[in-house]
Amino acid sequence: MYQFNYHKASSVADAAALLARNPEAKLLAGGQTLIGAMKLRLAAPSDLVDLGAIAELRGIRADGGTLTIGAMTRHAEVAGSKDLAQTIPALAALAASIGDRMVRNMGTLGGSLANNDPAADYPAGVLGLAATVNTNKRKIAADQFFKGMYETALEPGEIITSIGFPVPKRAAYAKFKNPASRYAIVGVFVSEGQSGVRVAVTGAGPCAFRVAEMEKALAAKFSPDAVVGIRVSADGLNSDLHASSEYRAHLVTVMAKRAVQAALGK
Amino acid sequence: MGAMNLIGTAVKRKEDYRFLTGAGTYTDDVQLDRQTYAYFVRSPHAHATIKRINKDKALQAPGVLAVFTGEDLTAAKVAGLPCGWLITDVNGQPMKEPAHPPLAQGRVRYVGDHVAVVIAESYLQAKDAGELVEVDYAVLPAVVDVADARKKGAPVLHEVAPDNTCYVWALGDKAAVDKVFASAHHVTQLDFVNNRLIPNAVEPRAALASYNRAEDSYTLYVASQNPHVERLLMTAFVLGLPEHKVRVVAPDVGGGFGSKIYLYAEDVVVTWASKQINRPVKWTAERSESFLSDAHGRDHLTHAELALDQDGKFLAMRVQTTASMGAYLSTFASCIPTILYATLLAGQYTTPLIHCEVTAVFTNTAPVDAYRGAGRPEATYVVERLVETAAREIKLDPAEIRRRNFIREFPYQTPVALLYDTGNYEATLGEAVKLADVAGFSARRQEAAARGKLRGLGYAAYIEACGIAPSNVAGSLGARAGLFEAGEVRVHPTGKVTVFTGSHSHGQGHETTFAQVVASRLGIGLDDVDIVHGDTDRVLFGMGTYGSRSIAVGGTAIVKALDKVIAKGKKIAAHLMEAADADVEFTDGVFKVAGTDKQVPFAQVALSAYVPHNYPLDRLEPGLNENAFYDPTNFTFPAGTYVCEVEVDPDTGETQIVSFTAVDDFGKIINPMIVAGQVHGGLTQGIGQALLENCRYDRQSGQLLTGSLLDYCMPRADNVPSFKLETKETPCTHNPLGVKGCGEAGAIGAPAAVMNALTDALGVRDLEMPATAERVWRALEQAKMRKAA
């Protein structure tokens, strides 16, 4: 790790000001990816602006049909939330499946989304639930948020403050883990709610994406059988040491089927 | 006192108090006054010439004390790292032994190869300055895969080996074997890749050297499995130092698995550098460095054939293996795919004719050497995959084909040089079949099928040669070292005992197992005995721990020393009781005159030896302290049968090991809990090789693709089932404890058992390790396509 300056931001406005003053600064939002990269000297920010002390960024609020989760809410808090257990248990289960206990105690929802690792779990949940990403500047619909590998709609200096999740009628997440890193090789989040059926995939492509054909089939009949015959194209999917694009394409179908089964409580 | 009961008792490990309370002392825990830190600049290229190294900027960086390169070592006449085993080529020539410089001499040959060392006041300063060492490389094409090493036009690593071949070596009567194959009733053949593994001990390698100017002597703390061997190799072959001026201490060591046997460049460089700067120099590997620079394991490519008659009797076996040595010859690299591999190809069977040819090649990868099992897992994989496949081909029950071929009379001379002293393969197989409930398997398979799962069962009946020895045999096979062990029993005046052993414990629990042996023999309490190991200044000599040799060789050396203590004690006791020496017996810690009620306890005899007021000084020296060196007459031959049951999810290709039964014959067992722990660890590593672990280098660039735990998959608790273990005891015939060794068995037998189960579940002939979910899924897809066509 190279030397850097550490700042503890007291508010979102303070964090934004610190970012503006230090063009090479990075936000520290749990640090479960960033600190590791810094230790390996793969990342060398001049300054770290720690969001950990900003109370307004943390917590889970139920508000009618929407659940709002602060950007700095830890995975363990999401996993253990009673509100979520009653409204979107699938999202709590997703959070409980991230990394290990230490990662879940430090990692945050906002940190995960801003980093947009192609194998991260949260992007599937956010996209699969048609969530809204709230920042210090605007509201961004999930469909507009994920732009590519480690690439989001966030502009320089923009800070995620919370994410609003509409409560679905039913939802579930099924993940095929990389046996080494335990990240998702393929994770599929399926939901049925106000905006219809959504099928969001993480791990398989450069960033989370939806599978329109599966959504259509499930809208017609919300049953595992509806998706078993639907194969996504392997073109453009990730292909690496751990899984070829063909295998990932195959797993999208299998995990979608399992997610639907789970959403139906089977 | 009942101390004799300690043999075969699962007493809790004495060393665990310090390990579990954080009171262990590992090399990196040792802090010396004025200590400095070393950072090694490593090659980012798999193959390159070094045109120029400029260390000016690094030397000016904050805290930097010195920067050394290969040139400095040459000027100081530091030699290359030696290889401890000479293999003779089929054409009678010695193997090719290219120079193995501790710091590169104008050329680097793998990613991670040592280019320079930076020494600074802090590790971070050394590392920062390391980035300022300017190395001008001219990149050369690299060869990485075993299969590519001897291809025409392949890049050449060493001028002394223009075809990248270290040796071609063979064992057995080729003409006789070929003749049998030409007319055999049935021939089973398979091609194997024995996947390359990265050891990954929890404690990374570390070394801390200091130089004492007053005595002109050195002390090296190092994470080593064999400190005396490390000292011998370093002083006599590399640094040219007087051996008595170098102390090597291997304190608590957090796992070795073979990877800490060897003399590494870092150990040599920090020792040499500590005198240059006249301050202690510490180096502790980062995990990434461990991946790059620890000696790797396995990496074989094999074609193997088994000839059978119509009754399933094995007639002959023919094996051709190409094995990677990596870029340089590590300390014992050359003997692993030869002496510790081909000699095991008889397995538990009477196969009368075996021929094995091994070609060892250099590739632009980290050196390859012994890793848990070392040659024997590779041999067992060949034999047991062939046997199971043959059984399926000729439609014979896999237990039955083994029974028809078991060796049943001992001693047994195999056609591949080994003489098995004893064994009972029927006993371990029979118990395994029972314990694994093989009879109920078809019902379990049906039940799994109803759940959409494919269930399979596979066996492996392994043998291993342990207690590596005897020296004269090893010497005739090319060993450049002896393979005995040394022990010293120091009885203190109060009857307490300190034992010094040349074996080294890096997780095996010797401090308990050896203490059980000593306490039982002397009839004293377990807490009255301490076992000291890992320090060349305290322990008289030692060959160290590898090849499951500690109890069989090191334990026996202690027993030999104990025998001397007891013999002397009898003479002292005879004097005290005014009896004839021959009338004194020693049992349960008490010396008695046979047939009388006269007796003196062990502690009183010890006291008399050190306070010799009433003592036969005219015929006995005072004191009670004895040494022994023990060189066995043969290897020991642990053996057993493993039965693995797997379930495959055909949708994803994921494999779950649902049951694993291991019935081992380790001879006499001292501590069954420690043995079970060793088996658990070995099985887990074997399962790791079969399903998860795979070291991959990029075929073009030679970059290590699996350079971290994110990409190199180590087995974890949820990858293995709760093992079903049982042991059978056929005592070893040639050591007094009847022990054979247990450290490697699991890693030797497990891969074949898992892959036999998996191929059974899938109904395929073969599958490459590691059987990742994608490989399994592809095998199922191909099988579907074959069915459709």
# chains A, B, ... in the order shown; residues from 1 in each chain; ligands from 1
call {"tool": "interface_residues", "arguments": {"of": "chain B", "to": "chain A", "cutoff": "9 Å", "atoms": "only C-alpha atoms", "output": "list in words"}}
result
Leu124, Asp128, Ser288, Asp651, Thr652, Leu692, Arg696, Leu705, Thr706, Leu709, Leu710, Asp711, Tyr712, Cys713, Met714, Pro715, Thr772, Ala773, Glu774, Trp777 and Arg778 of chain B
call {"tool": "residues_around", "arguments": {"residues": "A:Val133", "least_positions_apart": "2", "cutoff": "7 Å", "atoms": "only C-alpha atoms", "output": "PyMOL selection string"}}
result
chain A and resi 131+135+139-142+160+162-164
call {"tool": "write_last_selection", "arguments": {"atoms": "C-alpha atoms", "output": "compact mmCIF listing (two decimals), in the first residue's frame"}}
result
# COMPACT_ATOMS: atom_id res chain seq x y z
CA ALA A 131 -34.76 -0.02 -7.72
CA THR A 135 -27.42 10.32 -5.21
CA LYS A 139 -32.35 9.84 -8.82
CA ILE A 140 -31.13 7.20 -11.27
CA ALA A 141 -33.32 4.29 -12.34
CA ALA A 142 -31.58 0.93 -12.11
CA ILE A 160 -24.83 7.44 -3.79
CA SER A 162 -29.57 5.53 -0.74
CA ILE A 163 -31.39 2.99 -2.85
CA GLY A 164 -35.15 2.74 -3.04
call {"tool": "residues_around", "arguments": {"residues": "stretch 158-174 of chain B", "least_positions_apart": "5", "cutoff": "6 Å", "atoms": "only C-alpha atoms", "output": "mmCIF file with N, CA and C atoms, in the first residue's frame"}}
result
data_model
loop_
_atom_site.group_PDB
_atom_site.id
_atom_site.type_symbol
_atom_site.label_atom_id
_atom_site.label_comp_id
_atom_site.auth_asym_id
_atom_site.auth_seq_id
_atom_site.Cartn_x
_atom_site.Cartn_y
_atom_site.Cartn_z
ATOM 1 N N ASP B 89 20.536 -40.794 -16.810
ATOM 2 C CA ASP B 89 19.721 -40.894 -18.015
ATOM 3 C C ASP B 89 19.781 -42.330 -18.582
ATOM 4 N N VAL B 90 18.798 -42.706 -19.406
ATOM 5 C CA VAL B 90 18.807 -44.051 -20.012
ATOM 6 C C VAL B 90 20.080 -44.299 -20.822
ATOM 7 N N MET B 95 22.023 -36.613 -15.386
ATOM 8 C CA MET B 95 20.996 -35.627 -15.767
ATOM 9 C C MET B 95 21.645 -34.267 -16.025
ATOM 10 N N LYS B 96 20.921 -33.429 -16.769
ATOM 11 C CA LYS B 96 21.424 -32.081 -17.044
ATOM 12 C C LYS B 96 21.142 -31.216 -15.811
ATOM 13 N N ARG B 150 9.340 -30.127 -25.372
ATOM 14 C CA ARG B 150 10.286 -30.812 -26.267
ATOM 15 C C ARG B 150 9.910 -30.655 -27.735
ATOM 16 N N ILE B 354 6.493 -54.491 -15.179
ATOM 17 C CA ILE B 354 6.150 -53.066 -15.256
ATOM 18 C C ILE B 354 7.308 -52.340 -15.919
ATOM 19 N N HIS B 355 6.974 -51.486 -16.841
ATOM 20 C CA HIS B 355 8.010 -50.613 -17.409
ATOM 21 C C HIS B 355 7.519 -49.170 -17.345
ATOM 22 N N CYS B 356 8.392 -48.301 -16.895
ATOM 23 C CA CYS B 356 8.020 -46.890 -16.811
ATOM 24 C C CYS B 356 9.162 -46.053 -17.360
ATOM 25 N N GLU B 357 8.819 -45.144 -18.235
ATOM 26 C CA GLU B 357 9.821 -44.216 -18.767
ATOM 27 C C GLU B 357 9.399 -42.798 -18.406
ATOM 28 N N VAL B 358 10.323 -42.060 -17.844
ATOM 29 C CA VAL B 358 10.016 -40.704 -17.391
ATOM 30 C C VAL B 358 10.940 -39.708 -18.080
ATOM 31 N N THR B 359 10.338 -38.708 -18.670
ATOM 32 C CA THR B 359 11.104 -37.631 -19.287
ATOM 33 C C THR B 359 10.881 -36.382 -18.457
ATOM 34 N N ALA B 360 11.954 -35.846 -17.934
ATOM 35 C CA ALA B 360 11.833 -34.632 -17.117
ATOM 36 C C ALA B 360 12.234 -33.437 -17.969
ATOM 37 N N VAL B 361 11.391 -32.419 -17.953
ATOM 38 C CA VAL B 361 11.627 -31.268 -18.845
ATOM 39 C C VAL B 361 11.675 -29.961 -18.057
ATOM 40 N N PHE B 362 12.382 -29.006 -18.634
ATOM 41 C CA PHE B 362 12.410 -27.658 -18.081
ATOM 42 C C PHE B 362 11.337 -26.812 -18.778
#
call {"tool": "residues_around", "arguments": {"residues": "stretch 327-340 of chain B", "least_positions_apart": "5", "cutoff": "9 Å", "atoms": "only C-alpha atoms", "output": "PDB file with N, CA and C atoms, in the first residue's frame"}}
result
ATOM      1  N   LEU B  81      22.272 -22.930  -6.296  1.00  0.00           N
ATOM      2  CA  LEU B  81      21.560 -23.835  -5.387  1.00  0.00           C
ATOM      3  C   LEU B  81      21.706 -25.270  -5.904  1.00  0.00           C
ATOM      4  N   PRO B  82      22.093 -26.201  -5.036  1.00  0.00           N
ATOM      5  CA  PRO B  82      22.357 -27.565  -5.497  1.00  0.00           C
ATOM      6  C   PRO B  82      21.094 -28.421  -5.597  1.00  0.00           C
ATOM      7  N   CYS B  83      21.189 -29.469  -6.392  1.00  0.00           N
ATOM      8  CA  CYS B  83      20.126 -30.479  -6.427  1.00  0.00           C
ATOM      9  C   CYS B  83      20.648 -31.708  -5.701  1.00  0.00           C
ATOM     10  N   GLY B  84      19.843 -32.253  -4.834  1.00  0.00           N
ATOM     11  CA  GLY B  84      20.292 -33.312  -3.926  1.00  0.00           C
ATOM     12  C   GLY B  84      20.158 -34.727  -4.454  1.00  0.00           C
ATOM     13  N   TRP B  85      19.752 -34.893  -5.696  1.00  0.00           N
ATOM     14  CA  TRP B  85      19.569 -36.262  -6.179  1.00  0.00           C
ATOM     15  C   TRP B  85      19.980 -36.330  -7.642  1.00  0.00           C
ATOM     16  N   LEU B  86      20.953 -37.192  -7.918  1.00  0.00           N
ATOM     17  CA  LEU B  86      21.447 -37.354  -9.282  1.00  0.00           C
ATOM     18  C   LEU B  86      20.687 -38.489  -9.964  1.00  0.00           C
ATOM     19  N   ILE B  87      20.020 -38.158 -11.039  1.00  0.00           N
ATOM     20  CA  ILE B  87      19.340 -39.192 -11.828  1.00  0.00           C
ATOM     21  C   ILE B  87      20.195 -39.463 -13.066  1.00  0.00           C
ATOM     22  N   MET B  95      22.023 -36.613 -15.386  1.00  0.00           N
ATOM     23  CA  MET B  95      20.996 -35.627 -15.767  1.00  0.00           C
ATOM     24  C   MET B  95      21.645 -34.267 -16.025  1.00  0.00           C
ATOM     25  N   GLU B  97      22.187 -30.594 -15.304  1.00  0.00           N
ATOM     26  CA  GLU B  97      22.044 -29.773 -14.094  1.00  0.00           C
ATOM     27  C   GLU B  97      22.412 -28.332 -14.364  1.00  0.00           C
ATOM     28  N   PRO B  98      21.493 -27.566 -14.908  1.00  0.00           N
ATOM     29  CA  PRO B  98      21.820 -26.168 -15.185  1.00  0.00           C
ATOM     30  C   PRO B  98      22.042 -25.375 -13.905  1.00  0.00           C
ATOM     31  N   ALA B  99      22.829 -24.324 -14.015  1.00  0.00           N
ATOM     32  CA  ALA B  99      23.087 -23.481 -12.851  1.00  0.00           C
ATOM     33  C   ALA B  99      21.778 -22.911 -12.318  1.00  0.00           C
ATOM     34  N   HIS B 100      21.701 -22.791 -10.993  1.00  0.00           N
ATOM     35  CA  HIS B 100      20.488 -22.278 -10.336  1.00  0.00           C
ATOM     36  C   HIS B 100      20.901 -21.122  -9.431  1.00  0.00           C
ATOM     37  N   ARG B 109      14.057 -16.881 -15.896  1.00  0.00           N
ATOM     38  CA  ARG B 109      13.436 -18.026 -16.556  1.00  0.00           C
ATOM     39  C   ARG B 109      12.022 -18.350 -16.067  1.00  0.00           C
ATOM     40  N   TYR B 110      11.502 -17.587 -15.141  1.00  0.00           N
ATOM     41  CA  TYR B 110      10.075 -17.719 -14.812  1.00  0.00           C
ATOM     42  C   TYR B 110       9.605 -16.435 -14.140  1.00  0.00           C
ATOM     43  N   LEU B 157      15.537 -23.119 -22.459  1.00  0.00           N
ATOM     44  CA  LEU B 157      15.806 -22.438 -21.188  1.00  0.00           C
ATOM     45  C   LEU B 157      17.287 -22.414 -20.841  1.00  0.00           C
ATOM     46  N   HIS B 158      17.937 -23.573 -21.032  1.00  0.00           N
ATOM     47  CA  HIS B 158      19.338 -23.693 -20.599  1.00  0.00           C
ATOM     48  C   HIS B 158      20.166 -24.266 -21.732  1.00  0.00           C
ATOM     49  N   CYS B 166      15.855 -32.639 -19.022  1.00  0.00           N
ATOM     50  CA  CYS B 166      16.771 -32.846 -17.898  1.00  0.00           C
ATOM     51  C   CYS B 166      17.300 -34.280 -17.925  1.00  0.00           C
ATOM     52  N   TYR B 167      16.391 -35.204 -18.159  1.00  0.00           N
ATOM     53  CA  TYR B 167      16.783 -36.612 -18.314  1.00  0.00           C
ATOM     54  C   TYR B 167      15.626 -37.385 -18.902  1.00  0.00           C
ATOM     55  N   TRP B 169      14.572 -41.255 -18.155  1.00  0.00           N
ATOM     56  CA  TRP B 169      14.945 -42.293 -17.187  1.00  0.00           C
ATOM     57  C   TRP B 169      13.941 -43.427 -17.317  1.00  0.00           C
ATOM     58  N   ALA B 170      14.374 -44.628 -17.083  1.00  0.00           N
ATOM     59  CA  ALA B 170      13.435 -45.747 -17.197  1.00  0.00           C
ATOM     60  C   ALA B 170      13.696 -46.783 -16.119  1.00  0.00           C
ATOM     61  N   LEU B 171      12.631 -47.527 -15.813  1.00  0.00           N
ATOM     62  CA  LEU B 171      12.706 -48.607 -14.834  1.00  0.00           C
ATOM     63  C   LEU B 171      11.903 -49.781 -15.387  1.00  0.00           C
ATOM     64  N   ILE B 261      10.938 -27.885   2.457  1.00  0.00           N
ATOM     65  CA  ILE B 261      12.104 -28.772   2.538  1.00  0.00           C
ATOM     66  C   ILE B 261      13.325 -28.072   1.948  1.00  0.00           C
ATOM     67  N   TYR B 262      13.106 -27.289   0.919  1.00  0.00           N
ATOM     68  CA  TYR B 262      14.183 -26.923   0.000  1.00  0.00           C
ATOM     69  C   TYR B 262      15.001 -25.733   0.464  1.00  0.00           C
ATOM     70  N   LEU B 263      16.211 -25.684  -0.071  1.00  0.00           N
ATOM     71  CA  LEU B 263      17.043 -24.509   0.134  1.00  0.00           C
ATOM     72  C   LEU B 263      16.632 -23.503  -0.948  1.00  0.00           C
ATOM     73  N   TYR B 264      16.104 -22.379  -0.504  1.00  0.00           N
ATOM     74  CA  TYR B 264      15.616 -21.359  -1.440  1.00  0.00           C
ATOM     75  C   TYR B 264      16.605 -20.205  -1.549  1.00  0.00           C
ATOM     76  N   ALA B 295       8.136 -23.834  -4.351  1.00  0.00           N
ATOM     77  CA  ALA B 295       8.176 -24.944  -5.304  1.00  0.00           C
ATOM     78  C   ALA B 295       6.775 -25.533  -5.436  1.00  0.00           C
ATOM     79  N   ARG B 298       3.503 -31.846  -8.541  1.00  0.00           N
ATOM     80  CA  ARG B 298       2.878 -32.642  -9.618  1.00  0.00           C
ATOM     81  C   ARG B 298       3.297 -32.151 -11.019  1.00  0.00           C
ATOM     82  N   HIS B 300       2.382 -33.596 -14.255  1.00  0.00           N
ATOM     83  CA  HIS B 300       2.755 -34.729 -15.112  1.00  0.00           C
ATOM     84  C   HIS B 300       1.788 -34.867 -16.286  1.00  0.00           C
ATOM     85  N   THR B 321       5.727 -41.095 -18.866  1.00  0.00           N
ATOM     86  CA  THR B 321       5.383 -39.841 -18.190  1.00  0.00           C
ATOM     87  C   THR B 321       6.349 -38.740 -18.574  1.00  0.00           C
ATOM     88  N   THR B 322       5.802 -37.570 -18.812  1.00  0.00           N
ATOM     89  CA  THR B 322       6.638 -36.384 -18.945  1.00  0.00           C
ATOM     90  C   THR B 322       6.340 -35.510 -17.736  1.00  0.00           C
ATOM     91  N   CYS B 356       8.392 -48.301 -16.895  1.00  0.00           N
ATOM     92  CA  CYS B 356       8.020 -46.890 -16.811  1.00  0.00           C
ATOM     93  C   CYS B 356       9.162 -46.053 -17.360  1.00  0.00           C
ATOM     94  N   GLU B 357       8.819 -45.144 -18.235  1.00  0.00           N
ATOM     95  CA  GLU B 357       9.821 -44.216 -18.767  1.00  0.00           C
ATOM     96  C   GLU B 357       9.399 -42.798 -18.406  1.00  0.00           C
ATOM     97  N   VAL B 358      10.323 -42.060 -17.844  1.00  0.00           N
ATOM     98  CA  VAL B 358      10.016 -40.704 -17.391  1.00  0.00           C
ATOM     99  C   VAL B 358      10.940 -39.708 -18.080  1.00  0.00           C
ATOM    100  N   THR B 359      10.338 -38.708 -18.670  1.00  0.00           N
ATOM    101  CA  THR B 359      11.104 -37.631 -19.287  1.00  0.00           C
ATOM    102  C   THR B 359      10.881 -36.382 -18.457  1.00  0.00           C
ATOM    103  N   ALA B 360      11.954 -35.846 -17.934  1.00  0.00           N
ATOM    104  CA  ALA B 360      11.833 -34.632 -17.117  1.00  0.00           C
ATOM    105  C   ALA B 360      12.234 -33.437 -17.969  1.00  0.00           C
ATOM    106  N   VAL B 361      11.391 -32.419 -17.953  1.00  0.00           N
ATOM    107  CA  VAL B 361      11.627 -31.268 -18.845  1.00  0.00           C
ATOM    108  C   VAL B 361      11.675 -29.961 -18.057  1.00  0.00           C
ATOM    109  N   PHE B 362      12.382 -29.006 -18.634  1.00  0.00           N
ATOM    110  CA  PHE B 362      12.410 -27.658 -18.081  1.00  0.00           C
ATOM    111  C   PHE B 362      11.337 -26.812 -18.778  1.00  0.00           C
ATOM    112  N   THR B 363      10.609 -26.027 -17.999  1.00  0.00           N
ATOM    113  CA  THR B 363       9.632 -25.084 -18.560  1.00  0.00           C
ATOM    114  C   THR B 363       9.800 -23.746 -17.846  1.00  0.00           C
ATOM    115  N   ASN B 364       9.274 -22.693 -18.444  1.00  0.00           N
ATOM    116  CA  ASN B 364       9.405 -21.354 -17.842  1.00  0.00           C
ATOM    117  C   ASN B 364       8.358 -21.152 -16.747  1.00  0.00           C
ATOM    118  N   THR B 365       8.489 -21.972 -15.714  1.00  0.00           N
ATOM    119  CA  THR B 365       7.551 -21.928 -14.592  1.00  0.00           C
ATOM    120  C   THR B 365       8.354 -22.085 -13.299  1.00  0.00           C
ATOM    121  N   ALA B 366       7.705 -21.847 -12.179  1.00  0.00           N
ATOM    122  CA  ALA B 366       8.376 -22.025 -10.889  1.00  0.00           C
ATOM    123  C   ALA B 366       8.887 -23.461 -10.781  1.00  0.00           C
ATOM    124  N   PRO B 367       9.987 -23.674 -10.069  1.00  0.00           N
ATOM    125  CA  PRO B 367      10.480 -25.035  -9.883  1.00  0.00           C
ATOM    126  C   PRO B 367       9.404 -25.951  -9.282  1.00  0.00           C
ATOM    127  N   VAL B 368       9.463 -27.219  -9.665  1.00  0.00           N
ATOM    128  CA  VAL B 368       8.509 -28.217  -9.162  1.00  0.00           C
ATOM    129  C   VAL B 368       9.288 -29.193  -8.295  1.00  0.00           C
ATOM    130  N   ASP B 369       8.746 -29.520  -7.155  1.00  0.00           N
ATOM    131  CA  ASP B 369       9.443 -30.457  -6.268  1.00  0.00           C
ATOM    132  C   ASP B 369       8.405 -31.255  -5.490  1.00  0.00           C
ATOM    133  N   ALA B 370       8.820 -31.844  -4.381  1.00  0.00           N
ATOM    134  CA  ALA B 370       7.920 -32.688  -3.607  1.00  0.00           C
ATOM    135  C   ALA B 370       6.786 -31.867  -3.005  1.00  0.00           C
ATOM    136  N   GLY B 373       2.974 -36.204  -0.579  1.00  0.00           N
ATOM    137  CA  GLY B 373       2.838 -37.448  -1.339  1.00  0.00           C
ATOM    138  C   GLY B 373       3.975 -37.620  -2.319  1.00  0.00           C
ATOM    139  N   ALA B 374       4.292 -36.552  -3.059  1.00  0.00           N
ATOM    140  CA  ALA B 374       5.504 -36.485  -3.877  1.00  0.00           C
ATOM    141  C   ALA B 374       5.760 -37.722  -4.719  1.00  0.00           C
ATOM    142  N   GLY B 375       5.162 -37.827  -5.876  1.00  0.00           N
ATOM    143  CA  GLY B 375       5.377 -38.957  -6.760  1.00  0.00           C
ATOM    144  C   GLY B 375       4.401 -40.097  -6.499  1.00  0.00           C
ATOM    145  N   ARG B 376       4.113 -40.315  -5.226  1.00  0.00           N
ATOM    146  CA  ARG B 376       3.221 -41.426  -4.888  1.00  0.00           C
ATOM    147  C   ARG B 376       1.748 -41.133  -5.214  1.00  0.00           C
ATOM    148  N   GLU B 378       0.850 -39.384  -7.753  1.00  0.00           N
ATOM    149  CA  GLU B 378       0.835 -39.512  -9.211  1.00  0.00           C
ATOM    150  C   GLU B 378       0.806 -40.990  -9.593  1.00  0.00           C
ATOM    151  N   ALA B 379       1.613 -41.817  -8.903  1.00  0.00           N
ATOM    152  CA  ALA B 379       1.656 -43.250  -9.200  1.00  0.00           C
ATOM    153  C   ALA B 379       0.316 -43.904  -8.865  1.00  0.00           C
ATOM    154  N   GLU B 464       2.049 -46.666  -0.327  1.00  0.00           N
ATOM    155  CA  GLU B 464       3.084 -45.642  -0.358  1.00  0.00           C
ATOM    156  C   GLU B 464       4.336 -46.202   0.293  1.00  0.00           C
ATOM    157  N   ALA B 465       5.452 -45.640  -0.119  1.00  0.00           N
ATOM    158  CA  ALA B 465       6.719 -46.006   0.508  1.00  0.00           C
ATOM    159  C   ALA B 465       7.099 -44.830   1.382  1.00  0.00           C
ATOM    160  N   ALA B 474      19.192 -45.528  -1.030  1.00  0.00           N
ATOM    161  CA  ALA B 474      18.977 -44.213  -1.629  1.00  0.00           C
ATOM    162  C   ALA B 474      20.243 -43.766  -2.365  1.00  0.00           C
ATOM    163  N   LEU B 477      20.662 -45.183  -5.647  1.00  0.00           N
ATOM    164  CA  LEU B 477      19.696 -44.646  -6.597  1.00  0.00           C
ATOM    165  C   LEU B 477      19.981 -43.177  -6.939  1.00  0.00           C
ATOM    166  N   GLY B 478      21.038 -42.630  -6.402  1.00  0.00           N
ATOM    167  CA  GLY B 478      21.440 -41.272  -6.787  1.00  0.00           C
ATOM    168  C   GLY B 478      21.339 -40.224  -5.703  1.00  0.00           C
ATOM    169  N   ALA B 479      20.838 -40.603  -4.521  1.00  0.00           N
ATOM    170  CA  ALA B 479      20.717 -39.613  -3.450  1.00  0.00           C
ATOM    171  C   ALA B 479      22.099 -39.101  -3.069  1.00  0.00           C
TER     172      ALA B 479
END
call {"tool": "closest_residue", "arguments": {"among": "A:Pro166, A:Pro123, A:Gly110, A:Pro156", "to": "A:Met72", "atoms": "only C-alpha atoms"}}
result
A:Gly110
call {"tool": "residues_around", "arguments": {"residues": "stretch 189-194 of chain A", "least_positions_apart": "6", "cutoff": "8 Å", "atoms": "only C-alpha atoms", "output": "list in words"}}
result
Ala124, Gly125, Gly128, Leu129, Pro166, Val167, Pro168, Lys169, Arg170, Ala171, Ala172, Tyr173, Ala174, Ala200, Val201, Ala256, Ala259, Val260 and Ala263 of chain A
call {"tool": "select_by_dssp", "arguments": {"residues": "stretch 46-243 of chain A", "states": "strand (DSSP E)", "output": "PyMOL selection string"}}
result
chain A and resi 47-50+60-63+66-70+132-135+139-141+146-148+151-152+160-166+170-177+184-193+196-202+209-210
call {"tool": "residues_around", "arguments": {"residues": "B:Ile463", "least_positions_apart": "2", "cutoff": "7 Å", "atoms": "only C-alpha atoms", "output": "PDB file with C-alpha atoms, in the first residue's frame"}}
result
ATOM      1  CA  GLY B 347       0.550 -50.681  -6.072  1.00  0.00           C
ATOM      2  CA  GLN B 348      -1.005 -53.459  -3.998  1.00  0.00           C
ATOM      3  CA  ALA B 461      -6.374 -48.953  -2.994  1.00  0.00           C
ATOM      4  CA  ALA B 465       6.719 -46.006   0.508  1.00  0.00           C
ATOM      5  CA  PHE B 637       4.664 -49.417   3.323  1.00  0.00           C
ATOM      6  CA  PRO B 638       1.436 -47.889   4.597  1.00  0.00           C
ATOM      7  CA  ALA B 639      -1.527 -48.935   2.492  1.00  0.00           C
ATOM      8  CA  GLY B 640      -5.260 -48.713   2.515  1.00  0.00           C
TER       9      GLY B 640
END
